[in-house]
>>> print(open('start-v6.cif').read())   # mmCIF, N, CA and C atoms
data_upload
#
loop_
_atom_site.group_PDB
_atom_site.id
_atom_site.type_symbol
_atom_site.label_atom_id
_atom_site.label_comp_id
_atom_site.auth_asym_id
_atom_site.auth_seq_id
_atom_site.Cartn_x
_atom_site.Cartn_y
_atom_site.Cartn_z
ATOM 1 N N MET A 1 103.448 100.397 92.576
ATOM 2 C CA MET A 1 104.800 100.939 92.574
ATOM 3 C C MET A 1 104.882 102.150 91.629
ATOM 4 N N ALA A 2 104.254 102.038 90.486
ATOM 5 C CA ALA A 2 104.298 103.161 89.536
ATOM 6 C C ALA A 2 103.593 104.382 90.105
ATOM 7 N N SER A 3 102.497 104.171 90.807
ATOM 8 C CA SER A 3 101.783 105.306 91.390
ATOM 9 C C SER A 3 102.601 105.948 92.507
ATOM 10 N N MET A 4 103.433 105.175 93.175
ATOM 11 C CA MET A 4 104.277 105.749 94.225
ATOM 12 C C MET A 4 105.290 106.712 93.640
ATOM 13 N N GLY A 5 105.789 106.411 92.457
ATOM 14 C CA GLY A 5 106.703 107.351 91.801
ATOM 15 C C GLY A 5 106.032 108.693 91.572
ATOM 16 N N ALA A 6 104.771 108.641 91.156
ATOM 17 C CA ALA A 6 104.009 109.873 90.951
ATOM 18 C C ALA A 6 103.725 110.557 92.282
ATOM 19 N N ALA A 7 103.422 109.767 93.315
ATOM 20 C CA ALA A 7 103.110 110.353 94.621
ATOM 21 C C ALA A 7 104.322 111.059 95.212
ATOM 22 N N THR A 8 105.500 110.483 95.057
ATOM 23 C CA THR A 8 106.689 111.118 95.630
ATOM 24 C C THR A 8 107.113 112.352 94.843
ATOM 25 N N ARG A 9 106.592 112.511 93.641
ATOM 26 C CA ARG A 9 106.886 113.718 92.870
ATOM 27 C C ARG A 9 105.844 114.814 93.067
ATOM 28 N N HIS A 10 104.590 114.434 93.345
ATOM 29 C CA HIS A 10 103.515 115.421 93.358
ATOM 30 C C HIS A 10 102.842 115.635 94.706
ATOM 31 N N ASN A 11 102.955 114.689 95.624
ATOM 32 C CA ASN A 11 102.375 114.854 96.951
ATOM 33 C C ASN A 11 103.417 115.535 97.833
ATOM 34 N N PRO A 12 103.134 116.742 98.342
ATOM 35 C CA PRO A 12 104.154 117.482 99.098
ATOM 36 C C PRO A 12 104.625 116.756 100.353
ATOM 37 N N VAL A 13 103.748 116.025 101.015
ATOM 38 C CA VAL A 13 104.124 115.312 102.235
ATOM 39 C C VAL A 13 105.107 114.195 101.912
ATOM 40 N N LEU A 14 104.773 113.375 100.940
ATOM 41 C CA LEU A 14 105.645 112.263 100.579
ATOM 42 C C LEU A 14 106.909 112.735 99.878
ATOM 43 N N LYS A 15 106.804 113.817 99.119
ATOM 44 C CA LYS A 15 107.991 114.355 98.442
ATOM 45 C C LYS A 15 109.020 114.832 99.461
ATOM 46 N N ALA A 16 108.565 115.524 100.492
ATOM 47 C CA ALA A 16 109.485 115.999 101.534
ATOM 48 C C ALA A 16 110.132 114.827 102.262
ATOM 49 N N PHE A 17 109.347 113.797 102.558
ATOM 50 C CA PHE A 17 109.864 112.610 103.234
ATOM 51 C C PHE A 17 110.894 111.905 102.350
ATOM 52 N N TYR A 18 110.576 111.734 101.081
ATOM 53 C CA TYR A 18 111.481 111.093 100.121
ATOM 54 C C TYR A 18 112.782 111.888 99.988
ATOM 55 N N ASP A 19 112.669 113.197 99.817
ATOM 56 C CA ASP A 19 113.866 114.044 99.677
ATOM 57 C C ASP A 19 114.741 113.988 100.916
ATOM 58 N N ARG A 20 114.115 113.940 102.097
ATOM 59 C CA ARG A 20 114.881 113.857 103.337
ATOM 60 C C ARG A 20 115.649 112.537 103.429
ATOM 61 N N LEU A 21 115.009 111.451 103.016
ATOM 62 C CA LEU A 21 115.689 110.160 103.040
ATOM 63 C C LEU A 21 116.847 110.117 102.047
ATOM 64 N N ILE A 22 116.648 110.660 100.871
ATOM 65 C CA ILE A 22 117.713 110.704 99.862
ATOM 66 C C ILE A 22 118.880 111.564 100.371
ATOM 67 N N ALA A 23 118.565 112.683 101.024
ATOM 68 C CA ALA A 23 119.615 113.561 101.562
ATOM 69 C C ALA A 23 120.428 112.862 102.643
ATOM 70 N N LYS A 24 119.786 111.920 103.359
ATOM 71 C CA LYS A 24 120.500 111.163 104.388
ATOM 72 C C LYS A 24 121.356 110.048 103.794
ATOM 73 N N GLY A 25 121.271 109.856 102.479
ATOM 74 C CA GLY A 25 122.117 108.870 101.826
ATOM 75 C C GLY A 25 121.439 107.541 101.540
ATOM 76 N N LYS A 26 120.119 107.476 101.676
ATOM 77 C CA LYS A 26 119.405 106.229 101.381
ATOM 78 C C LYS A 26 119.356 106.013 99.870
ATOM 79 N N GLU A 27 119.347 104.761 99.478
ATOM 80 C CA GLU A 27 119.186 104.412 98.067
ATOM 81 C C GLU A 27 117.780 104.825 97.617
ATOM 82 N N PRO A 28 117.614 105.238 96.357
ATOM 83 C CA PRO A 28 116.283 105.660 95.886
ATOM 84 C C PRO A 28 115.202 104.597 96.063
ATOM 85 N N LYS A 29 115.537 103.336 95.831
ATOM 86 C CA LYS A 29 114.530 102.283 95.975
ATOM 87 C C LYS A 29 114.134 102.087 97.442
ATOM 88 N N VAL A 30 115.089 102.225 98.338
ATOM 89 C CA VAL A 30 114.815 102.111 99.768
ATOM 90 C C VAL A 30 113.925 103.267 100.209
ATOM 91 N N ALA A 31 114.231 104.469 99.742
ATOM 92 C CA ALA A 31 113.429 105.646 100.083
ATOM 93 C C ALA A 31 112.011 105.509 99.527
ATOM 94 N N LEU A 32 111.887 104.978 98.327
ATOM 95 C CA LEU A 32 110.574 104.786 97.722
ATOM 96 C C LEU A 32 109.759 103.761 98.513
ATOM 97 N N THR A 33 110.397 102.696 98.954
ATOM 98 C CA THR A 33 109.712 101.686 99.757
ATOM 99 C C THR A 33 109.264 102.267 101.092
ATOM 100 N N ALA A 34 110.074 103.111 101.695
ATOM 101 C CA ALA A 34 109.689 103.767 102.948
ATOM 102 C C ALA A 34 108.482 104.677 102.728
ATOM 103 N N CYS A 35 108.449 105.362 101.598
ATOM 104 C CA CYS A 35 107.297 106.219 101.273
ATOM 105 C C CYS A 35 106.042 105.384 101.056
ATOM 106 N N MET A 36 106.190 104.229 100.416
ATOM 107 C CA MET A 36 105.043 103.351 100.207
ATOM 108 C C MET A 36 104.479 102.917 101.559
ATOM 109 N N ARG A 37 105.359 102.532 102.457
ATOM 110 C CA ARG A 37 104.906 102.087 103.774
ATOM 111 C C ARG A 37 104.236 103.233 104.528
ATOM 112 N N LYS A 38 104.820 104.424 104.453
ATOM 113 C CA LYS A 38 104.246 105.583 105.140
ATOM 114 C C LYS A 38 102.848 105.894 104.610
ATOM 115 N N LEU A 39 102.671 105.817 103.300
ATOM 116 C CA LEU A 39 101.369 106.080 102.707
ATOM 117 C C LEU A 39 100.343 105.033 103.151
ATOM 118 N N ILE A 40 100.747 103.764 103.205
ATOM 119 C CA ILE A 40 99.832 102.703 103.642
ATOM 120 C C ILE A 40 99.395 102.940 105.082
ATOM 121 N N VAL A 41 100.326 103.316 105.945
ATOM 122 C CA VAL A 41 99.996 103.573 107.346
ATOM 123 C C VAL A 41 99.024 104.752 107.454
ATOM 124 N N ILE A 42 99.295 105.827 106.729
ATOM 125 C CA ILE A 42 98.417 106.998 106.753
ATOM 126 C C ILE A 42 97.016 106.622 106.262
ATOM 127 N N LEU A 43 96.946 105.878 105.167
ATOM 128 C CA LEU A 43 95.645 105.498 104.609
ATOM 129 C C LEU A 43 94.886 104.571 105.547
ATOM 130 N N ASN A 44 95.574 103.647 106.204
ATOM 131 C CA ASN A 44 94.905 102.762 107.163
ATOM 132 C C ASN A 44 94.300 103.549 108.323
ATOM 133 N N VAL A 45 95.026 104.541 108.823
ATOM 134 C CA VAL A 45 94.508 105.377 109.913
ATOM 135 C C VAL A 45 93.306 106.182 109.423
ATOM 136 N N MET A 46 93.400 106.727 108.215
ATOM 137 C CA MET A 46 92.293 107.504 107.667
ATOM 138 C C MET A 46 91.035 106.648 107.529
ATOM 139 N N ILE A 47 91.181 105.421 107.055
ATOM 140 C CA ILE A 47 90.035 104.528 106.890
ATOM 141 C C ILE A 47 89.444 104.167 108.249
ATOM 142 N N ALA A 48 90.318 103.857 109.206
ATOM 143 C CA ALA A 48 89.843 103.464 110.537
ATOM 144 C C ALA A 48 89.070 104.591 111.214
ATOM 145 N N ARG A 49 89.502 105.814 110.996
ATOM 146 C CA ARG A 49 88.857 106.963 111.636
ATOM 147 C C ARG A 49 87.790 107.607 110.770
ATOM 148 N N GLY A 50 87.665 107.168 109.528
ATOM 149 C CA GLY A 50 86.678 107.746 108.617
ATOM 150 C C GLY A 50 87.002 109.180 108.246
ATOM 151 N N GLU A 51 88.280 109.495 108.102
ATOM 152 C CA GLU A 51 88.718 110.858 107.789
ATOM 153 C C GLU A 51 89.022 111.019 106.314
ATOM 154 N N LYS A 52 89.124 112.262 105.895
ATOM 155 C CA LYS A 52 89.587 112.593 104.554
ATOM 156 C C LYS A 52 91.022 113.102 104.659
ATOM 157 N N TRP A 53 91.693 113.156 103.504
ATOM 158 C CA TRP A 53 93.092 113.583 103.462
ATOM 159 C C TRP A 53 93.219 115.034 103.913
ATOM 160 N N ASP A 54 94.123 115.278 104.820
ATOM 161 C CA ASP A 54 94.435 116.621 105.293
ATOM 162 C C ASP A 54 95.951 116.747 105.300
ATOM 163 N N ALA A 55 96.498 117.426 104.289
ATOM 164 C CA ALA A 55 97.953 117.519 104.147
ATOM 165 C C ALA A 55 98.605 118.178 105.348
ATOM 166 N N GLY A 56 97.924 119.111 105.981
ATOM 167 C CA GLY A 56 98.475 119.781 107.137
ATOM 168 C C GLY A 56 98.696 118.847 108.314
ATOM 169 N N ARG A 57 97.866 117.825 108.405
ATOM 170 C CA ARG A 57 97.968 116.880 109.516
ATOM 171 C C ARG A 57 99.216 116.001 109.403
ATOM 172 N N TYR A 58 99.611 115.684 108.182
ATOM 173 C CA TYR A 58 100.737 114.778 107.961
ATOM 174 C C TYR A 58 101.993 115.499 107.500
ATOM 175 N N ALA A 59 102.016 116.811 107.641
ATOM 176 C CA ALA A 59 103.171 117.587 107.204
ATOM 177 C C ALA A 59 104.402 117.212 108.025
ATOM 178 N N LEU A 60 105.516 117.178 107.358
ATOM 179 C CA LEU A 60 106.785 116.870 108.031
ATOM 180 C C LEU A 60 107.523 118.173 108.279
ATOM 181 N N ASN A 61 107.781 118.445 109.504
ATOM 182 C CA ASN A 61 108.462 119.700 109.854
ATOM 183 C C ASN A 61 109.950 119.520 109.866
#
>>> encode(input="start-v6.cif", output="structure tokens")
Amino acid sequence: MASMGAATRHNPVLKAFYDRLIAKGKEPKVALTACMRKLIVILNVMIARGEKWDAGRYALN
């Protein structure tokens, strides 16, 4: 949980997702939990495919 706070502040992909959820009126803890889930899903796909992190691939437009 503590690392997620750092990720939502420093990872541009998760920061944009977090900011968008907050702008929609979500509670900060709810937005943080959504970011945690999103990161887990991304990491599971990366492990399954044997890929490395590519911020451009997960960018939120």
>>> closest_atom_pairs(input="start-v6.cif", of="range 11-43 of chain A", to="range 53-58 of chain A", cutoff="8 Å", atoms="all atoms listed in the file", output="CSV")
residue,atom,partner,partner_atom,distance
A:Pro12,C,A:Ala55,CA,7.7
A:Val13,CA,A:Tyr58,C,5.7
A:Leu14,N,A:Tyr58,C,7.4
>>> atom_distance(input="start-v6.cif", atom1="CA of Leu21 in chain A", atom2="CA of Ile47 in chain A")
26.5 Å
>>> atom_distance(input="start-v6.cif", atom1="CA of Lys29 in chain A", atom2="CA of Lys52 in chain A")
28.3 Å
>>> resolve_selection(input="start-v6.cif", expression="the PyMOL selection byres ((chain A and resi 32) around 8)", output="list in words")
Met4, Gly5, Thr8, Tyr18, Leu21, Ile22, Lys26, Glu27, Pro28, Lys29, Val30, Ala31, Thr33, Ala34, Cys35, Met36, Arg37 and Lys38 of chain A
>>> write_last_selection(input="start-v6.cif", atoms="N, CA and C atoms", output="PDB file, in the frame of the given file")
ATOM      1  N   MET A   4     103.433 105.175  93.175  1.00  0.00           N
ATOM      2  CA  MET A   4     104.277 105.749  94.225  1.00  0.00           C
ATOM      3  C   MET A   4     105.290 106.712  93.640  1.00  0.00           C
ATOM      4  N   GLY A   5     105.789 106.411  92.457  1.00  0.00           N
ATOM      5  CA  GLY A   5     106.703 107.351  91.801  1.00  0.00           C
ATOM      6  C   GLY A   5     106.032 108.693  91.572  1.00  0.00           C
ATOM      7  N   THR A   8     105.500 110.483  95.057  1.00  0.00           N
ATOM      8  CA  THR A   8     106.689 111.118  95.630  1.00  0.00           C
ATOM      9  C   THR A   8     107.113 112.352  94.843  1.00  0.00           C
ATOM     10  N   TYR A  18     110.576 111.734 101.081  1.00  0.00           N
ATOM     11  CA  TYR A  18     111.481 111.093 100.121  1.00  0.00           C
ATOM     12  C   TYR A  18     112.782 111.888  99.988  1.00  0.00           C
ATOM     13  N   LEU A  21     115.009 111.451 103.016  1.00  0.00           N
ATOM     14  CA  LEU A  21     115.689 110.160 103.040  1.00  0.00           C
ATOM     15  C   LEU A  21     116.847 110.117 102.047  1.00  0.00           C
ATOM     16  N   ILE A  22     116.648 110.660 100.871  1.00  0.00           N
ATOM     17  CA  ILE A  22     117.713 110.704  99.862  1.00  0.00           C
ATOM     18  C   ILE A  22     118.880 111.564 100.371  1.00  0.00           C
ATOM     19  N   LYS A  26     120.119 107.476 101.676  1.00  0.00           N
ATOM     20  CA  LYS A  26     119.405 106.229 101.381  1.00  0.00           C
ATOM     21  C   LYS A  26     119.356 106.013  99.870  1.00  0.00           C
ATOM     22  N   GLU A  27     119.347 104.761  99.478  1.00  0.00           N
ATOM     23  CA  GLU A  27     119.186 104.412  98.067  1.00  0.00           C
ATOM     24  C   GLU A  27     117.780 104.825  97.617  1.00  0.00           C
ATOM     25  N   PRO A  28     117.614 105.238  96.357  1.00  0.00           N
ATOM     26  CA  PRO A  28     116.283 105.660  95.886  1.00  0.00           C
ATOM     27  C   PRO A  28     115.202 104.597  96.063  1.00  0.00           C
ATOM     28  N   LYS A  29     115.537 103.336  95.831  1.00  0.00           N
ATOM     29  CA  LYS A  29     114.530 102.283  95.975  1.00  0.00           C
ATOM     30  C   LYS A  29     114.134 102.087  97.442  1.00  0.00           C
ATOM     31  N   VAL A  30     115.089 102.225  98.338  1.00  0.00           N
ATOM     32  CA  VAL A  30     114.815 102.111  99.768  1.00  0.00           C
ATOM     33  C   VAL A  30     113.925 103.267 100.209  1.00  0.00           C
ATOM     34  N   ALA A  31     114.231 104.469  99.742  1.00  0.00           N
ATOM     35  CA  ALA A  31     113.429 105.646 100.083  1.00  0.00           C
ATOM     36  C   ALA A  31     112.011 105.509  99.527  1.00  0.00           C
ATOM     37  N   THR A  33     110.397 102.696  98.954  1.00  0.00           N
ATOM     38  CA  THR A  33     109.712 101.686  99.757  1.00  0.00           C
ATOM     39  C   THR A  33     109.264 102.267 101.092  1.00  0.00           C
ATOM     40  N   ALA A  34     110.074 103.111 101.695  1.00  0.00           N
ATOM     41  CA  ALA A  34     109.689 103.767 102.948  1.00  0.00           C
ATOM     42  C   ALA A  34     108.482 104.677 102.728  1.00  0.00           C
ATOM     43  N   CYS A  35     108.449 105.362 101.598  1.00  0.00           N
ATOM     44  CA  CYS A  35     107.297 106.219 101.273  1.00  0.00           C
ATOM     45  C   CYS A  35     106.042 105.384 101.056  1.00  0.00           C
ATOM     46  N   MET A  36     106.190 104.229 100.416  1.00  0.00           N
ATOM     47  CA  MET A  36     105.043 103.351 100.207  1.00  0.00           C
ATOM     48  C   MET A  36     104.479 102.917 101.559  1.00  0.00           C
ATOM     49  N   ARG A  37     105.359 102.532 102.457  1.00  0.00           N
ATOM     50  CA  ARG A  37     104.906 102.087 103.774  1.00  0.00           C
ATOM     51  C   ARG A  37     104.236 103.233 104.528  1.00  0.00           C
ATOM     52  N   LYS A  38     104.820 104.424 104.453  1.00  0.00           N
ATOM     53  CA  LYS A  38     104.246 105.583 105.140  1.00  0.00           C
ATOM     54  C   LYS A  38     102.848 105.894 104.610  1.00  0.00           C
TER      55      LYS A  38
END
>>> axis_aligned_box(input="start-v6.cif", around="range 1-17 of chain A", padding_each_side="3 Å", output="JSON")
{"center_x": 106.3, "center_y": 108.9, "center_z": 96.4, "size_x": 15.1, "size_y": 23.1, "size_z": 19.7}
>>> decode(input="start-v6.cif", residues="range 12-27 of chain A", atoms="all heavy atoms", output="PDB file, in the first residue's frame")
ATOM      1  N   PRO A  12       3.900   8.013 -14.365  1.00  0.00           N
ATOM      2  CA  PRO A  12       2.984   8.863 -15.139  1.00  0.00           C
ATOM      3  C   PRO A  12       1.690   8.160 -15.533  1.00  0.00           C
ATOM      4  O   PRO A  12       0.631   8.793 -15.568  1.00  0.00           O
ATOM      5  CB  PRO A  12       3.787   9.235 -16.384  1.00  0.00           C
ATOM      6  CG  PRO A  12       5.151   8.729 -16.195  1.00  0.00           C
ATOM      7  CD  PRO A  12       5.199   7.862 -14.997  1.00  0.00           C
ATOM      8  N   VAL A  13       1.741   6.868 -15.803  1.00  0.00           N
ATOM      9  CA  VAL A  13       0.543   6.131 -16.201  1.00  0.00           C
ATOM     10  C   VAL A  13      -0.438   6.051 -15.040  1.00  0.00           C
ATOM     11  O   VAL A  13      -1.622   6.391 -15.180  1.00  0.00           O
ATOM     12  CB  VAL A  13       0.920   4.713 -16.691  1.00  0.00           C
ATOM     13  CG1 VAL A  13      -0.312   3.884 -16.956  1.00  0.00           C
ATOM     14  CG2 VAL A  13       1.785   4.803 -17.935  1.00  0.00           C
ATOM     15  N   LEU A  14       0.040   5.636 -13.887  1.00  0.00           N
ATOM     16  CA  LEU A  14      -0.834   5.507 -12.727  1.00  0.00           C
ATOM     17  C   LEU A  14      -1.253   6.862 -12.177  1.00  0.00           C
ATOM     18  O   LEU A  14      -2.363   7.012 -11.675  1.00  0.00           O
ATOM     19  CB  LEU A  14      -0.158   4.674 -11.641  1.00  0.00           C
ATOM     20  CG  LEU A  14       0.053   3.208 -12.005  1.00  0.00           C
ATOM     21  CD1 LEU A  14       0.819   2.493 -10.905  1.00  0.00           C
ATOM     22  CD2 LEU A  14      -1.254   2.516 -12.285  1.00  0.00           C
ATOM     23  N   LYS A  15      -0.376   7.850 -12.286  1.00  0.00           N
ATOM     24  CA  LYS A  15      -0.724   9.196 -11.812  1.00  0.00           C
ATOM     25  C   LYS A  15      -1.882   9.766 -12.623  1.00  0.00           C
ATOM     26  O   LYS A  15      -2.826  10.325 -12.064  1.00  0.00           O
ATOM     27  CB  LYS A  15       0.477  10.124 -11.890  1.00  0.00           C
ATOM     28  CG  LYS A  15       0.171  11.529 -11.396  1.00  0.00           C
ATOM     29  CD  LYS A  15       1.425  12.343 -11.276  1.00  0.00           C
ATOM     30  CE  LYS A  15       1.212  13.761 -10.859  1.00  0.00           C
ATOM     31  NZ  LYS A  15       0.107  14.063 -10.012  1.00  0.00           N
ATOM     32  N   ALA A  16      -1.836   9.595 -13.933  1.00  0.00           N
ATOM     33  CA  ALA A  16      -2.925  10.090 -14.786  1.00  0.00           C
ATOM     34  C   ALA A  16      -4.233   9.376 -14.469  1.00  0.00           C
ATOM     35  O   ALA A  16      -5.301   9.997 -14.406  1.00  0.00           O
ATOM     36  CB  ALA A  16      -2.558   9.908 -16.255  1.00  0.00           C
ATOM     37  N   PHE A  17      -4.164   8.066 -14.258  1.00  0.00           N
ATOM     38  CA  PHE A  17      -5.350   7.282 -13.923  1.00  0.00           C
ATOM     39  C   PHE A  17      -5.918   7.732 -12.576  1.00  0.00           C
ATOM     40  O   PHE A  17      -7.125   7.958 -12.437  1.00  0.00           O
ATOM     41  CB  PHE A  17      -4.983   5.797 -13.896  1.00  0.00           C
ATOM     42  CG  PHE A  17      -6.140   4.880 -13.632  1.00  0.00           C
ATOM     43  CD1 PHE A  17      -7.215   4.829 -14.496  1.00  0.00           C
ATOM     44  CD2 PHE A  17      -6.139   4.050 -12.526  1.00  0.00           C
ATOM     45  CE1 PHE A  17      -8.286   3.970 -14.255  1.00  0.00           C
ATOM     46  CE2 PHE A  17      -7.191   3.194 -12.279  1.00  0.00           C
ATOM     47  CZ  PHE A  17      -8.269   3.155 -13.147  1.00  0.00           C
ATOM     48  N   TYR A  18      -5.058   7.898 -11.589  1.00  0.00           N
ATOM     49  CA  TYR A  18      -5.467   8.346 -10.254  1.00  0.00           C
ATOM     50  C   TYR A  18      -6.101   9.738 -10.321  1.00  0.00           C
ATOM     51  O   TYR A  18      -7.175   9.968  -9.762  1.00  0.00           O
ATOM     52  CB  TYR A  18      -4.258   8.350  -9.317  1.00  0.00           C
ATOM     53  CG  TYR A  18      -4.563   8.803  -7.914  1.00  0.00           C
ATOM     54  CD1 TYR A  18      -5.132   7.922  -6.996  1.00  0.00           C
ATOM     55  CD2 TYR A  18      -4.272  10.090  -7.492  1.00  0.00           C
ATOM     56  CE1 TYR A  18      -5.407   8.324  -5.703  1.00  0.00           C
ATOM     57  CE2 TYR A  18      -4.541  10.505  -6.199  1.00  0.00           C
ATOM     58  CZ  TYR A  18      -5.110   9.612  -5.304  1.00  0.00           C
ATOM     59  OH  TYR A  18      -5.392  10.012  -4.017  1.00  0.00           O
ATOM     60  N   ASP A  19      -5.450  10.661 -11.013  1.00  0.00           N
ATOM     61  CA  ASP A  19      -5.982  12.029 -11.131  1.00  0.00           C
ATOM     62  C   ASP A  19      -7.333  12.048 -11.822  1.00  0.00           C
ATOM     63  O   ASP A  19      -8.225  12.815 -11.445  1.00  0.00           O
ATOM     64  CB  ASP A  19      -4.990  12.921 -11.885  1.00  0.00           C
ATOM     65  CG  ASP A  19      -3.734  13.195 -11.067  1.00  0.00           C
ATOM     66  OD1 ASP A  19      -3.765  13.018  -9.835  1.00  0.00           O
ATOM     67  OD2 ASP A  19      -2.717  13.570 -11.682  1.00  0.00           O
ATOM     68  N   ARG A  20      -7.505  11.195 -12.838  1.00  0.00           N
ATOM     69  CA  ARG A  20      -8.784  11.129 -13.540  1.00  0.00           C
ATOM     70  C   ARG A  20      -9.897  10.621 -12.622  1.00  0.00           C
ATOM     71  O   ARG A  20     -11.003  11.157 -12.625  1.00  0.00           O
ATOM     72  CB  ARG A  20      -8.655  10.243 -14.770  1.00  0.00           C
ATOM     73  CG  ARG A  20      -9.868  10.358 -15.687  1.00  0.00           C
ATOM     74  CD  ARG A  20      -9.691   9.568 -16.961  1.00  0.00           C
ATOM     75  NE  ARG A  20     -10.037   8.183 -16.695  1.00  0.00           N
ATOM     76  CZ  ARG A  20      -9.383   7.133 -17.137  1.00  0.00           C
ATOM     77  NH1 ARG A  20      -8.311   7.293 -17.880  1.00  0.00           N
ATOM     78  NH2 ARG A  20      -9.759   5.921 -16.847  1.00  0.00           N
ATOM     79  N   LEU A  21      -9.580   9.625 -11.805  1.00  0.00           N
ATOM     80  CA  LEU A  21     -10.579   9.109 -10.874  1.00  0.00           C
ATOM     81  C   LEU A  21     -10.947  10.146  -9.815  1.00  0.00           C
ATOM     82  O   LEU A  21     -12.130  10.295  -9.473  1.00  0.00           O
ATOM     83  CB  LEU A  21     -10.061   7.831 -10.202  1.00  0.00           C
ATOM     84  CG  LEU A  21      -9.946   6.608 -11.096  1.00  0.00           C
ATOM     85  CD1 LEU A  21      -9.290   5.464 -10.337  1.00  0.00           C
ATOM     86  CD2 LEU A  21     -11.292   6.180 -11.632  1.00  0.00           C
ATOM     87  N   ILE A  22      -9.969  10.852  -9.304  1.00  0.00           N
ATOM     88  CA  ILE A  22     -10.225  11.901  -8.309  1.00  0.00           C
ATOM     89  C   ILE A  22     -11.077  13.017  -8.933  1.00  0.00           C
ATOM     90  O   ILE A  22     -12.004  13.526  -8.303  1.00  0.00           O
ATOM     91  CB  ILE A  22      -8.905  12.468  -7.752  1.00  0.00           C
ATOM     92  CG1 ILE A  22      -8.174  11.393  -6.944  1.00  0.00           C
ATOM     93  CG2 ILE A  22      -9.134  13.710  -6.911  1.00  0.00           C
ATOM     94  CD1 ILE A  22      -8.874  10.934  -5.681  1.00  0.00           C
ATOM     95  N   ALA A  23     -10.782  13.374 -10.183  1.00  0.00           N
ATOM     96  CA  ALA A  23     -11.553  14.421 -10.868  1.00  0.00           C
ATOM     97  C   ALA A  23     -13.005  14.007 -11.064  1.00  0.00           C
ATOM     98  O   ALA A  23     -13.903  14.858 -11.101  1.00  0.00           O
ATOM     99  CB  ALA A  23     -10.914  14.748 -12.212  1.00  0.00           C
ATOM    100  N   LYS A  24     -13.240  12.688 -11.190  1.00  0.00           N
ATOM    101  CA  LYS A  24     -14.609  12.193 -11.335  1.00  0.00           C
ATOM    102  C   LYS A  24     -15.348  12.141 -10.001  1.00  0.00           C
ATOM    103  O   LYS A  24     -16.523  11.796  -9.962  1.00  0.00           O
ATOM    104  CB  LYS A  24     -14.608  10.789 -11.947  1.00  0.00           C
ATOM    105  CG  LYS A  24     -14.306  10.770 -13.410  1.00  0.00           C
ATOM    106  CD  LYS A  24     -14.430   9.347 -13.934  1.00  0.00           C
ATOM    107  CE  LYS A  24     -14.242   9.298 -15.420  1.00  0.00           C
ATOM    108  NZ  LYS A  24     -14.396   7.922 -15.926  1.00  0.00           N
ATOM    109  N   GLY A  25     -14.648  12.448  -8.910  1.00  0.00           N
ATOM    110  CA  GLY A  25     -15.301  12.502  -7.611  1.00  0.00           C
ATOM    111  C   GLY A  25     -15.112  11.264  -6.753  1.00  0.00           C
ATOM    112  O   GLY A  25     -15.784  11.111  -5.729  1.00  0.00           O
ATOM    113  N   LYS A  26     -14.200  10.376  -7.137  1.00  0.00           N
ATOM    114  CA  LYS A  26     -13.949   9.177  -6.330  1.00  0.00           C
ATOM    115  C   LYS A  26     -13.180   9.563  -5.068  1.00  0.00           C
ATOM    116  O   LYS A  26     -12.397  10.511  -5.065  1.00  0.00           O
ATOM    117  CB  LYS A  26     -13.130   8.143  -7.113  1.00  0.00           C
ATOM    118  CG  LYS A  26     -13.784   7.653  -8.367  1.00  0.00           C
ATOM    119  CD  LYS A  26     -14.993   6.819  -8.062  1.00  0.00           C
ATOM    120  CE  LYS A  26     -15.615   6.300  -9.339  1.00  0.00           C
ATOM    121  NZ  LYS A  26     -16.896   5.674  -9.127  1.00  0.00           N
ATOM    122  N   GLU A  27     -13.416   8.819  -4.012  1.00  0.00           N
ATOM    123  CA  GLU A  27     -12.664   9.006  -2.772  1.00  0.00           C
ATOM    124  C   GLU A  27     -11.201   8.625  -3.024  1.00  0.00           C
ATOM    125  O   GLU A  27     -10.927   7.714  -3.819  1.00  0.00           O
ATOM    126  CB  GLU A  27     -13.235   8.117  -1.670  1.00  0.00           C
ATOM    127  CG  GLU A  27     -14.644   8.474  -1.275  1.00  0.00           C
ATOM    128  CD  GLU A  27     -14.708   9.769  -0.502  1.00  0.00           C
ATOM    129  OE1 GLU A  27     -13.754  10.072   0.255  1.00  0.00           O
ATOM    130  OE2 GLU A  27     -15.707  10.485  -0.652  1.00  0.00           O
TER     131      GLU A  27
END
